[in-house]
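S.K.: If it helps, the file is called query12.tsv and holds TSV, C-alpha atoms:
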```tsv
chain	number	residue	atom	x	y	z
T	1	MET	CA	3.31	-0.76	-28.66
T	2	VAL	CA	6.03	-3.12	-29.87
T	3	ASP	CA	8.67	-0.39	-30.20
T	4	HIS	CA	8.13	0.61	-26.59
T	5	GLY	CA	7.61	-2.79	-25.02
T	6	PHE	CA	9.81	-5.27	-26.85
T	7	VAL	CA	13.27	-4.63	-25.41
T	8	PRO	CA	12.23	-4.59	-21.71
T	9	VAL	CA	10.17	-7.75	-22.18
T	10	ARG	CA	12.98	-9.43	-24.13
T	11	ALA	CA	15.21	-8.76	-21.13
T	12	LYS	CA	12.67	-10.35	-18.75
T	13	LEU	CA	12.34	-13.43	-20.94
T	14	ILE	CA	16.11	-13.90	-20.94
T	15	GLU	CA	16.09	-13.53	-17.15
T	16	VAL	CA	13.57	-16.39	-16.97
T	17	ALA	CA	15.76	-18.54	-19.22
T	18	ALA	CA	18.90	-17.73	-17.24
T	19	PHE	CA	17.12	-18.49	-13.95
T	20	LEU	CA	15.99	-21.89	-15.22
T	21	ASP	CA	19.57	-22.62	-16.37
T	22	ARG	CA	20.95	-21.45	-13.02
T	23	VAL	CA	18.71	-23.65	-10.87
T	24	GLU	CA	19.78	-26.64	-12.98
T	25	ARG	CA	23.48	-25.80	-12.52
T	26	TYR	CA	22.89	-25.52	-8.78
T	27	ALA	CA	20.87	-28.78	-8.82
T	28	VAL	CA	17.76	-27.18	-7.29
T	29	ALA	CA	15.54	-27.36	-10.37
T	30	ASP	CA	13.27	-29.88	-8.60
T	31	ASP	CA	12.10	-27.22	-6.14
T	32	PHE	CA	8.31	-27.04	-6.51
T	33	ARG	CA	8.56	-23.35	-7.40
T	34	CYS	CA	10.92	-24.04	-10.29
T	35	ALA	CA	8.63	-26.81	-11.53
T	36	ALA	CA	5.68	-24.42	-11.28
T	37	LEU	CA	7.62	-21.81	-13.25
T	38	ARG	CA	8.33	-24.28	-16.06
T	39	ARG	CA	4.66	-25.30	-16.24
T	40	ALA	CA	3.58	-21.67	-16.23
T	41	ALA	CA	6.09	-20.76	-18.95
T	42	ALA	CA	4.50	-23.32	-21.24
T	43	LEU	CA	1.34	-21.21	-21.26
T	44	LEU	CA	3.24	-18.41	-22.98
T	45	VAL	CA	3.34	-20.31	-26.26
T	46	ASP	CA	0.07	-22.24	-26.28
T	47	GLY	CA	-1.47	-19.74	-28.69
T	48	ARG	CA	-4.37	-18.86	-26.39
T	49	PRO	CA	-5.20	-15.38	-25.00
T	50	ALA	CA	-5.33	-14.19	-21.36
T	51	ARG	CA	-1.85	-15.55	-20.69
T	52	ALA	CA	-1.26	-13.34	-17.64
T	53	ARG	CA	-4.54	-14.41	-16.02
T	54	ARG	CA	-3.97	-18.07	-16.78
T	55	ILE	CA	-0.39	-18.05	-15.46
T	56	LEU	CA	-1.56	-16.38	-12.25
T	57	GLU	CA	-4.28	-19.00	-11.90
T	58	GLN	CA	-1.83	-21.83	-12.54
T	59	LEU	CA	0.47	-20.54	-9.77
T	60	SER	CA	-2.46	-20.18	-7.34
T	61	ASP	CA	-3.71	-22.38	-4.53
T	62	PRO	CA	-6.80	-23.99	-6.10
T	63	THR	CA	-8.34	-25.14	-2.81
T	64	THR	CA	-11.38	-23.40	-1.39
T	65	ARG	CA	-11.49	-23.98	2.38
T	66	PRO	CA	-9.65	-21.79	4.90
T	67	ASP	CA	-6.56	-23.42	6.37
T	68	ALA	CA	-6.68	-24.61	9.97
T	69	VAL	CA	-3.34	-22.99	10.83
T	70	SER	CA	-0.98	-20.55	9.19
T	71	SER	CA	2.14	-22.00	7.55
T	72	GLY	CA	4.01	-18.74	8.06
T	73	LYS	CA	3.71	-15.04	7.37
T	74	ALA	CA	4.99	-15.06	3.80
T	75	ALA	CA	3.59	-16.58	0.61
T	76	LEU	CA	6.06	-18.43	-1.62
T	77	GLY	CA	4.89	-17.54	-5.10
T	78	ALA	CA	3.64	-20.94	-6.18
T	79	TRP	CA	1.31	-23.46	-4.62
T	80	ALA	CA	3.17	-26.34	-2.99
T	81	GLY	CA	0.49	-28.86	-3.96
T	82	GLN	CA	0.42	-30.49	-7.36
T	83	PRO	CA	-1.93	-29.00	-9.94
T	84	PRO	CA	-4.41	-31.47	-11.46
T	85	SER	CA	-2.61	-31.34	-14.85
T	86	ALA	CA	0.73	-32.40	-13.28
T	87	LYS	CA	-0.95	-35.24	-11.39
T	88	ARG	CA	-2.44	-36.55	-14.62
T	89	LYS	CA	1.00	-36.62	-16.28
T	90	ALA	CA	2.72	-38.30	-13.30
X	1	MET	CA	-1.33	16.56	-13.36
X	2	ARG	CA	-3.24	15.83	-10.17
X	3	TYR	CA	-3.56	12.49	-8.44
X	4	ILE	CA	-4.51	10.84	-5.16
X	5	GLU	CA	-2.30	8.28	-3.43
X	6	PRO	CA	-5.12	6.23	-1.91
X	7	HIS	CA	-2.89	3.63	-0.26
X	8	GLY	CA	0.51	4.61	1.11
X	9	HIS	CA	2.17	3.50	4.34
X	10	MET	CA	3.79	6.83	4.95
X	11	VAL	CA	5.03	6.09	8.47
X	12	SER	CA	7.63	3.94	6.64
X	13	ARG	CA	8.71	6.70	4.27
X	14	THR	CA	11.01	9.69	4.50
X	15	THR	CA	10.03	13.32	4.19
X	16	ASP	CA	11.79	13.28	0.81
X	17	ASP	CA	8.99	11.05	-0.42
X	18	TYR	CA	6.36	13.54	0.74
X	19	GLN	CA	8.19	16.27	-1.13
X	20	ALA	CA	8.45	14.19	-4.32
X	21	MET	CA	4.79	13.19	-4.19
X	22	VAL	CA	3.58	16.76	-3.77
X	23	THR	CA	5.89	17.90	-6.55
X	24	ALA	CA	4.41	15.21	-8.83
X	25	GLY	CA	0.87	16.48	-8.18
X	26	CYS	CA	-0.38	14.46	-5.22
X	27	GLN	CA	-3.49	16.10	-3.73
X	28	ALA	CA	-4.06	13.73	-0.77
X	29	VAL	CA	-2.57	10.58	0.70
X	30	CYS	CA	-4.50	7.85	2.50
X	31	GLU	CA	-2.76	5.50	4.88
X	32	PRO	CA	-4.26	2.14	5.89
X	33	ALA	CA	-3.12	0.49	9.10
X	34	PHE	CA	-0.46	-2.07	8.33
X	35	TRP	CA	1.87	-4.72	9.71
X	36	ALA	CA	5.06	-3.19	11.13
X	37	GLY	CA	7.31	-5.99	9.84
X	38	PHE	CA	7.13	-7.69	13.23
X	39	ASP	CA	4.22	-8.67	15.47
X	40	ARG	CA	3.35	-6.06	18.06
X	41	GLY	CA	3.33	-7.44	21.56
X	42	SER	CA	0.34	-5.69	23.08
X	43	ALA	CA	-2.78	-3.67	22.41
X	44	ALA	CA	-0.92	-0.69	23.81
X	45	GLY	CA	1.44	-0.92	20.85
X	46	PHE	CA	-1.54	-0.61	18.51
X	47	ARG	CA	-2.92	2.35	20.45
X	48	ASP	CA	0.38	4.15	19.88
X	49	TYR	CA	0.26	3.22	16.19
X	50	PHE	CA	-3.31	4.53	15.85
X	51	ARG	CA	-2.18	7.77	17.49
X	52	GLN	CA	0.67	7.96	15.01
X	53	LEU	CA	-1.79	7.50	12.12
X	54	THR	CA	-4.26	10.06	13.43
X	55	GLU	CA	-2.03	12.67	15.09
X	56	TYR	CA	1.62	12.60	14.12
X	57	GLU	CA	1.52	11.54	10.47
X	58	PRO	CA	-1.15	14.07	9.39
X	59	ALA	CA	0.98	16.78	10.98
X	60	ARG	CA	4.09	15.54	9.15
X	61	ALA	CA	2.21	15.52	5.82
X	62	ALA	CA	0.79	18.99	6.53
X	63	LYS	CA	4.32	20.40	6.50
X	64	PHE	CA	4.25	19.60	2.77
X	65	LEU	CA	0.68	20.94	2.41
X	66	LEU	CA	-0.55	17.41	1.77
X	67	PRO	CA	-3.86	16.28	3.34
X	68	HIS	CA	-3.35	12.93	5.09
X	69	TYR	CA	-6.11	10.43	5.85
X	70	SER	CA	-5.98	7.07	7.57
X	71	TRP	CA	-7.79	3.75	7.89
X	72	LEU	CA	-7.70	1.73	11.10
X	73	CYS	CA	-7.59	-1.99	11.80
X	74	LEU	CA	-5.42	-4.87	12.82
X	75	ASN	CA	-3.65	-6.25	9.76
X	76	PRO	CA	-4.45	-9.90	8.88
X	77	LYS	CA	-0.79	-10.79	9.42
X	78	GLU	CA	-1.44	-10.26	13.13
X	79	SER	CA	-4.84	-11.87	13.47
X	80	GLU	CA	-3.69	-15.37	14.40
X	81	ASP	CA	-3.64	-14.32	18.06
X	82	LEU	CA	-7.40	-14.01	18.56
X	83	GLY	CA	-7.11	-12.61	22.08
X	84	LEU	CA	-4.83	-9.74	21.07
X	85	ALA	CA	-6.80	-9.15	17.88
X	86	ARG	CA	-10.02	-8.69	19.83
X	87	GLU	CA	-8.34	-6.31	22.28
X	88	VAL	CA	-7.24	-4.21	19.31
X	89	LEU	CA	-10.70	-4.35	17.72
X	90	ALA	CA	-12.11	-3.00	20.97
X	91	LEU	CA	-9.74	-0.01	20.76
X	92	ILE	CA	-10.74	1.08	17.27
X	93	PRO	CA	-14.10	2.79	17.97
X	94	GLU	CA	-12.48	5.46	20.14
X	95	PHE	CA	-10.41	6.55	17.11
X	96	LEU	CA	-13.14	6.46	14.46
X	97	GLY	CA	-14.23	10.02	15.24
X	98	ARG	CA	-10.77	11.45	14.56
X	99	PRO	CA	-10.89	13.99	11.73
X	100	ASN	CA	-8.63	12.08	9.31
X	101	VAL	CA	-10.09	8.57	9.75
X	102	LEU	CA	-11.87	7.33	6.61
X	103	GLY	CA	-12.86	3.83	7.65
X	104	ILE	CA	-11.74	0.31	8.50
X	105	GLY	CA	-8.72	-1.05	6.63
X	106	GLU	CA	-6.69	-2.63	5.39
X	107	ILE	CA	-8.46	-5.70	6.66
X	108	GLY	CA	-8.53	-8.98	4.79
X	109	LEU	CA	-6.58	-12.22	4.64
X	110	ASN	CA	-2.90	-13.13	4.50
X	111	ARG	CA	-2.55	-16.94	4.50
X	112	ASN	CA	-6.28	-17.67	4.30
X	113	THR	CA	-6.60	-19.24	7.75
X	114	ARG	CA	-9.68	-19.75	9.89
X	115	ASN	CA	-8.48	-17.25	12.49
X	116	GLU	CA	-7.81	-14.61	9.85
X	117	LEU	CA	-11.31	-15.18	8.51
X	118	ARG	CA	-12.83	-14.81	12.00
X	119	ILE	CA	-11.08	-11.51	12.60
X	120	LEU	CA	-11.99	-10.28	9.13
X	121	GLU	CA	-15.62	-11.03	9.91
X	122	GLU	CA	-15.38	-9.08	13.17
X	123	HIS	CA	-13.78	-6.12	11.39
X	124	VAL	CA	-16.58	-6.12	8.81
X	125	ALA	CA	-19.19	-6.23	11.56
X	126	LEU	CA	-17.45	-3.30	13.28
X	127	ALA	CA	-17.40	-1.30	10.06
X	128	VAL	CA	-21.07	-1.94	9.38
X	129	ARG	CA	-22.01	-1.10	12.96
X	130	HIS	CA	-20.23	2.25	12.69
X	131	ASP	CA	-21.21	2.91	9.04
X	132	GLN	CA	-17.57	3.01	7.91
X	133	LEU	CA	-16.00	2.59	4.48
X	134	ILE	CA	-14.01	-0.63	4.12
X	135	LEU	CA	-10.59	-1.19	2.52
X	136	VAL	CA	-9.72	-4.85	1.98
X	137	HIS	CA	-6.25	-6.33	1.46
X	138	THR	CA	-6.13	-9.48	-0.66
X	139	PRO	CA	-3.36	-12.02	-0.04
X	140	HIS	CA	-0.06	-12.26	-1.83
X	141	LEU	CA	1.06	-14.48	-4.70
X	142	GLU	CA	-0.36	-18.01	-4.69
X	143	ASP	CA	-2.82	-17.16	-1.91
X	144	LYS	CA	-4.55	-14.28	-3.73
X	145	LEU	CA	-7.08	-16.20	-5.81
X	146	LYS	CA	-8.37	-18.34	-2.95
X	147	GLY	CA	-8.27	-15.42	-0.53
X	148	THR	CA	-10.19	-13.16	-2.86
X	149	ARG	CA	-12.91	-15.78	-3.24
X	150	LEU	CA	-13.14	-16.25	0.55
X	151	ILE	CA	-13.32	-12.47	1.05
X	152	LEU	CA	-16.02	-12.04	-1.59
X	153	ASP	CA	-18.07	-14.86	-0.06
X	154	LEU	CA	-17.81	-13.28	3.38
X	155	LEU	CA	-18.70	-9.78	2.20
X	156	ARG	CA	-21.61	-10.97	0.05
X	157	GLY	CA	-22.92	-12.97	3.01
X	158	HIS	CA	-23.09	-9.94	5.30
X	159	PRO	CA	-26.44	-8.18	4.93
X	160	GLY	CA	-25.03	-4.81	6.08
X	161	VAL	CA	-22.26	-4.56	3.51
X	162	ARG	CA	-22.88	-2.20	0.60
X	163	PRO	CA	-20.43	-3.13	-2.16
X	164	GLY	CA	-20.11	0.44	-3.42
X	165	ARG	CA	-18.58	1.38	-0.04
X	166	VAL	CA	-15.95	-1.36	-0.14
X	167	ILE	CA	-12.69	-1.36	-2.09
X	168	ILE	CA	-10.88	-4.66	-2.58
X	169	ASP	CA	-7.23	-3.91	-3.12
X	170	HIS	CA	-4.24	-5.55	-4.81
X	171	VAL	CA	-6.32	-7.13	-7.58
X	172	GLU	CA	-4.53	-8.73	-10.51
X	173	GLU	CA	-5.63	-10.24	-13.81
X	174	HIS	CA	-7.07	-13.36	-12.16
X	175	THR	CA	-9.13	-11.53	-9.52
X	176	ILE	CA	-10.18	-8.14	-10.89
X	177	GLN	CA	-13.23	-9.23	-12.85
X	178	GLN	CA	-14.85	-11.17	-10.02
X	179	VAL	CA	-14.41	-8.16	-7.71
X	180	LEU	CA	-16.00	-5.77	-10.21
X	181	ASP	CA	-18.77	-8.21	-11.13
X	182	ALA	CA	-19.75	-8.38	-7.45
X	183	GLY	CA	-20.20	-4.59	-7.41
X	184	PHE	CA	-17.13	-3.72	-5.32
X	185	TRP	CA	-14.42	-1.21	-6.15
X	186	ALA	CA	-11.05	-2.64	-7.15
X	187	GLY	CA	-7.59	-1.32	-6.28
X	188	ILE	CA	-4.57	-2.08	-8.46
X	189	THR	CA	-1.27	-1.89	-6.62
X	190	LEU	CA	1.87	-0.95	-8.53
X	191	TYR	CA	4.92	-2.83	-7.24
X	192	PRO	CA	8.29	-3.48	-8.87
X	193	ASP	CA	8.36	-7.26	-8.23
X	194	SER	CA	4.88	-8.39	-7.31
X	195	LYS	CA	1.26	-7.33	-7.69
X	196	SER	CA	1.04	-5.20	-10.87
X	197	SER	CA	3.35	-3.16	-13.08
X	198	PRO	CA	2.21	0.06	-14.79
X	199	PRO	CA	1.79	-1.68	-18.20
X	200	ARG	CA	-0.29	-4.49	-16.66
X	201	ALA	CA	-2.40	-1.97	-14.74
X	202	VAL	CA	-3.20	-0.12	-17.95
X	203	ASP	CA	-3.99	-3.45	-19.64
X	204	MET	CA	-6.53	-4.17	-16.89
X	205	LEU	CA	-8.07	-0.72	-17.28
X	206	GLU	CA	-8.38	-1.25	-21.03
X	207	ILE	CA	-9.95	-4.69	-20.61
X	208	CYS	CA	-12.17	-4.12	-17.57
X	209	GLY	CA	-13.01	-0.42	-17.94
X	210	ARG	CA	-12.10	2.42	-15.62
X	211	GLU	CA	-15.39	2.78	-13.76
X	212	ARG	CA	-14.68	1.49	-10.22
X	213	ILE	CA	-10.90	1.18	-10.15
X	214	TRP	CA	-8.15	3.11	-8.42
X	215	LEU	CA	-4.38	2.79	-8.62
X	216	ASN	CA	-2.04	2.94	-5.65
X	217	SER	CA	1.63	2.47	-4.84
X	218	ALA	CA	1.08	0.88	-1.39
X	219	CYS	CA	4.53	2.24	-0.64
X	220	ASP	CA	5.84	0.88	2.66
X	221	TRP	CA	9.09	-0.33	4.22
X	222	GLY	CA	9.55	-2.99	1.51
X	223	VAL	CA	10.40	-2.80	-2.18
X	224	SER	CA	7.96	-0.17	-3.45
X	225	VAL	CA	7.87	3.11	-5.36
X	226	PRO	CA	6.04	6.11	-3.86
X	227	LEU	CA	5.71	7.71	-7.31
X	228	ALA	CA	4.32	4.60	-9.00
X	229	VAL	CA	0.89	6.19	-9.54
X	230	PRO	CA	2.06	9.31	-11.43
X	231	LYS	CA	4.59	7.18	-13.34
X	232	THR	CA	1.69	5.07	-14.61
X	233	ALA	CA	0.22	8.19	-16.21
X	234	LEU	CA	3.17	8.07	-18.61
X	235	GLU	CA	2.22	4.55	-19.68
X	236	MET	CA	-1.35	5.74	-20.31
X	237	ARG	CA	-0.20	8.67	-22.42
X	238	ARG	CA	2.24	6.51	-24.41
X	239	ARG	CA	-0.71	4.37	-25.45
X	240	GLY	CA	-2.68	7.41	-26.54
X	241	HIS	CA	-5.08	7.69	-23.63
X	242	SER	CA	-6.42	11.20	-23.11
X	243	GLU	CA	-5.67	13.55	-20.22
X	244	ASP	CA	-9.30	13.04	-19.20
X	245	PHE	CA	-8.67	9.29	-18.93
X	246	VAL	CA	-5.58	9.89	-16.80
X	247	ASP	CA	-7.43	12.33	-14.55
X	248	ALA	CA	-10.43	10.01	-14.19
X	249	VAL	CA	-8.36	7.07	-13.03
X	250	LEU	CA	-5.73	8.86	-10.96
X	251	PHE	CA	-7.87	11.57	-9.38
X	252	ARG	CA	-11.62	11.50	-9.95
X	253	ASN	CA	-12.11	7.80	-9.22
X	254	PRO	CA	-10.45	7.79	-5.80
X	255	VAL	CA	-12.16	11.08	-4.94
X	256	ARG	CA	-15.52	9.54	-5.89
X	257	PHE	CA	-14.98	6.55	-3.62
X	258	LEU	CA	-13.39	8.40	-0.72
X	259	SER	CA	-15.98	11.21	-0.75
X	260	GLN	CA	-18.47	8.71	0.58
X	261	CYS	CA	-16.80	9.55	3.89
X	262	PRO	CA	-17.86	13.12	4.76
X	263	LYS	CA	-14.46	13.76	6.33
X	264	PHE	CA	-12.68	13.47	2.95
X	265	ALA	CA	-12.30	17.12	2.03
X	266	LEU	CA	-11.71	16.97	-1.74
X	267	ARG	CA	-15.25	17.09	-3.06
X	268	ALA	CA	-16.92	16.12	-6.31
X	269	GLU	CA	-16.78	19.67	-7.69
X	270	SER	CA	-12.98	19.61	-7.53
X	271	ALA	CA	-13.14	16.15	-9.09
X	272	GLY	CA	-14.63	17.60	-12.26
```
As a first step, turn the structure in this file into structure tokens.

M.R.:
Amino acid sequence: MVDHGFVPVRAKLIEVAAFLDRVERYAVADDFRCAALRRAAALLVDGRPARARRILEQLSDPTTRPDAVSSGKAALGAWAGQPPSAKRKA
Amino acid sequence: MRYIEPHGHMVSRTTDDYQAMVTAGCQAVCEPAFWAGFDRGSAAGFRDYFRQLTEYEPARAAKFLLPHYSWLCLNPKESEDLGLAREVLALIPEFLGRPNVLGIGEIGLNRNTRNELRILEEHVALAVRHDQLILVHTPHLEDKLKGTRLILDLLRGHPGVRPGRVIIDHVEEHTIQQVLDAGFWAGITLYPDSKSSPPRAVDMLEICGRERIWLNSACDWGVSVPLAVPKTALEMRRRGHSEDFVDAVLFRNPVRFLSQCPKFALRAESAG
């Protein structure tokens, strides 16, 4: 499992790190998607299982009612609202 | 190896893809109605598309000896215009008797709006009225979790819906269990940048079981890999899963679901 999976995943982890460096160099690290990515990345090392599920949940819209109007055809990858955990820290 | 591609938008693909799929062991391809990348301007545009899905594309696939089936609907990306959507819904029944039509799909939600939900409800009612199988698209990225919950609520609230005749597609780690727990089938879509990768798909199979799950490439005009399903067999074998496991997930499971439509020609005996 490790022999097969380690090198490709190592490469993806470095891509994440390089992306976070890049958005800082370009001064766009405050974009809500970049902030969501940093919060999600913290879940990788919290020592708890089901990381993939929990990261997907953290990036998801937590509301429950259908929206009155569409904000466009394409999803953005992270919810533009603040998650409850971020609000508590603010 | 034999497999079914239960969700491929072949009108977007080249004949080279048909050749590669057949060479890899594809026994049948099923094509849900889809968004063209732009909003169609009239119901007449949809009529032409439904003719393409039920006349032209099966003939193109037949040149490669590949049975081609289709699902019909208006994609949720185009359901904001309620007037047009209802015109298209009214067209669908005249195509349901075509020999390659398996059911209504891929219906569902895109941005989880009220209008999308209304049109989804009308599609479900149409499917129930005509005793059709249902293929449901769940939204992308941050909208998937909420959309899946809305879809499950709607389907569970409809007295005519039989969960065993409905597949909810594009599940990921945060949605698969609730779909299976509600008695529906779950589809895992293999995409390079979104949805699921082959390793994650096999993780989900290991964690959730293989009972009511199929894999698909959902290959279309975007970033997608028509051979993603057979390539996932390699990931299964690398982990030590048996050939029976591979065959169950890639062939027998989709055959079991799709055979609920009498028009699907690969029968249980060929499914082993």

S.K.: Using only C-alpha atoms, what table do you get, as a Markdown table, when you list each residue of chain T with an atom no more than 7 Å from chain X, its nearest pair of atoms, and their distance in Å rounded to one decimal, rows by chain then rising number?

M.R.:
```
| residue | atom | partner | partner_atom | distance |
| --- | --- | --- | --- | --- |
| T:Ala52 | CA | X:Glu173 | CA | 6.6 |
| T:Arg53 | CA | X:His174 | CA | 4.7 |
| T:Leu56 | CA | X:His174 | CA | 6.3 |
| T:Glu57 | CA | X:His174 | CA | 6.3 |
| T:Leu59 | CA | X:Glu142 | CA | 5.7 |
| T:Ser60 | CA | X:Glu142 | CA | 4.0 |
| T:Asp61 | CA | X:Glu142 | CA | 5.5 |
| T:Pro62 | CA | X:Lys146 | CA | 6.7 |
| T:Thr63 | CA | X:Lys146 | CA | 6.8 |
| T:Thr64 | CA | X:Lys146 | CA | 6.1 |
| T:Pro66 | CA | X:Thr113 | CA | 4.9 |
| T:Asp67 | CA | X:Thr113 | CA | 4.4 |
| T:Ala68 | CA | X:Arg114 | CA | 5.7 |
| T:Val69 | CA | X:Thr113 | CA | 5.8 |
| T:Ser70 | CA | X:Thr113 | CA | 5.9 |
| T:Lys73 | CA | X:Lys77 | CA | 6.5 |
| T:Ala75 | CA | X:His140 | CA | 6.2 |
| T:Gly77 | CA | X:Leu141 | CA | 4.9 |
| T:Ala78 | CA | X:Glu142 | CA | 5.2 |
| T:Trp79 | CA | X:Glu142 | CA | 5.7 |
```

S.K.: Excluding same-chain residues fewer than 4 positions from region 13-21 of chain T, what lies within 10 Å of it counting all atoms listed in the file, as a list in words?

M.R.: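 With the cut-off at 10 Å, the set is Val7, Pro8, Val9, Arg25, Tyr26, Ala27, Val28, Ala29, Cys34, Ala35, Leu37, Arg38 and Ala41 of chain T.
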
S.K.: With only C-alpha atoms counted, which protein, DNA or RNA residues have an atom no more than 12 Å from (-7.3, 6.8, -5.6) in the file frame? Please answer as number ranges by chain.

M.R.: X: 2-8, 26-31, 135, 167, 169, 185-189, 210, 212-218, 229-230, 246-259, 266, 271

S.K.: With distances taken over only C-alpha atoms, which residue among T:Leu76, T:Gly81, T:Phe6, T:Ile55 lies nearest Arg39 (chain T)?

M.R.: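 Smallest separation from Arg39 (chain T) among the options: T:Ile55.
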
S.K.: Rounded to one decimal, what separation in Å do you get between CA of Arg22 (chain T) and CA of Gly72 (chain T)?

M.R.: 27.2 Å

S.K.: Separation of CA of Glu57 (chain X) and CA of Thr15 (chain X), in Å?

M.R.: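 CA of Thr15 (chain X) lies 10.7 Å from CA of Glu57 (chain X).
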
S.K.: What is the CA of Phe264 (chain X)-CA of Pro58 (chain X) distance in Å, reported with one decimal?

M.R.: 13.2 Å

S.K.: Any idea what's packed within 10 Å of region 82-92 of chain X, counting all atoms listed in the file, ignoring anything in its chain fewer than 5 positions away? Could you give it as an mmCIF file with C-alpha atoms, in the frame of the given file?

M.R.:
```
data_model
loop_
_atom_site.group_PDB
_atom_site.id
_atom_site.type_symbol
_atom_site.label_atom_id
_atom_site.label_comp_id
_atom_site.auth_asym_id
_atom_site.auth_seq_id
_atom_site.Cartn_x
_atom_site.Cartn_y
_atom_site.Cartn_z
ATOM 1 C CA ARG X 40 3.350 -6.060 18.060
ATOM 2 C CA GLY X 41 3.330 -7.440 21.560
ATOM 3 C CA SER X 42 0.340 -5.690 23.080
ATOM 4 C CA ALA X 43 -2.780 -3.670 22.410
ATOM 5 C CA ALA X 44 -0.920 -0.690 23.810
ATOM 6 C CA GLY X 45 1.440 -0.920 20.850
ATOM 7 C CA PHE X 46 -1.540 -0.610 18.510
ATOM 8 C CA ARG X 47 -2.920 2.350 20.450
ATOM 9 C CA PHE X 50 -3.310 4.530 15.850
ATOM 10 C CA LEU X 72 -7.700 1.730 11.100
ATOM 11 C CA CYS X 73 -7.590 -1.990 11.800
ATOM 12 C CA LEU X 74 -5.420 -4.870 12.820
ATOM 13 C CA ASN X 75 -3.650 -6.250 9.760
ATOM 14 C CA PRO X 76 -4.450 -9.900 8.880
ATOM 15 C CA GLY X 97 -14.230 10.020 15.240
ATOM 16 C CA ILE X 104 -11.740 0.310 8.500
ATOM 17 C CA ASN X 115 -8.480 -17.250 12.490
ATOM 18 C CA GLU X 116 -7.810 -14.610 9.850
ATOM 19 C CA ARG X 118 -12.830 -14.810 12.000
ATOM 20 C CA ILE X 119 -11.080 -11.510 12.600
ATOM 21 C CA GLU X 122 -15.380 -9.080 13.170
ATOM 22 C CA HIS X 123 -13.780 -6.120 11.390
ATOM 23 C CA LEU X 126 -17.450 -3.300 13.280
#
```

S.K.: Axis-aligned box over every listed atom of region 144-147 of chain X, padded by 4 Å per side: centre and edges in Å to one decimal, as lines of an AutoDock Vina configuration file?

M.R.:
```
center_x = -6.5
center_y = -16.3
center_z = -3.2
size_x = 11.8
size_y = 12.1
size_z = 13.3
```

S.K.: X:Asp220, X:Glu243, X:Pro262, X:Ala201: which is nearest Gly37 (chain X), counting all atoms listed in the file?

M.R.: X:Asp220
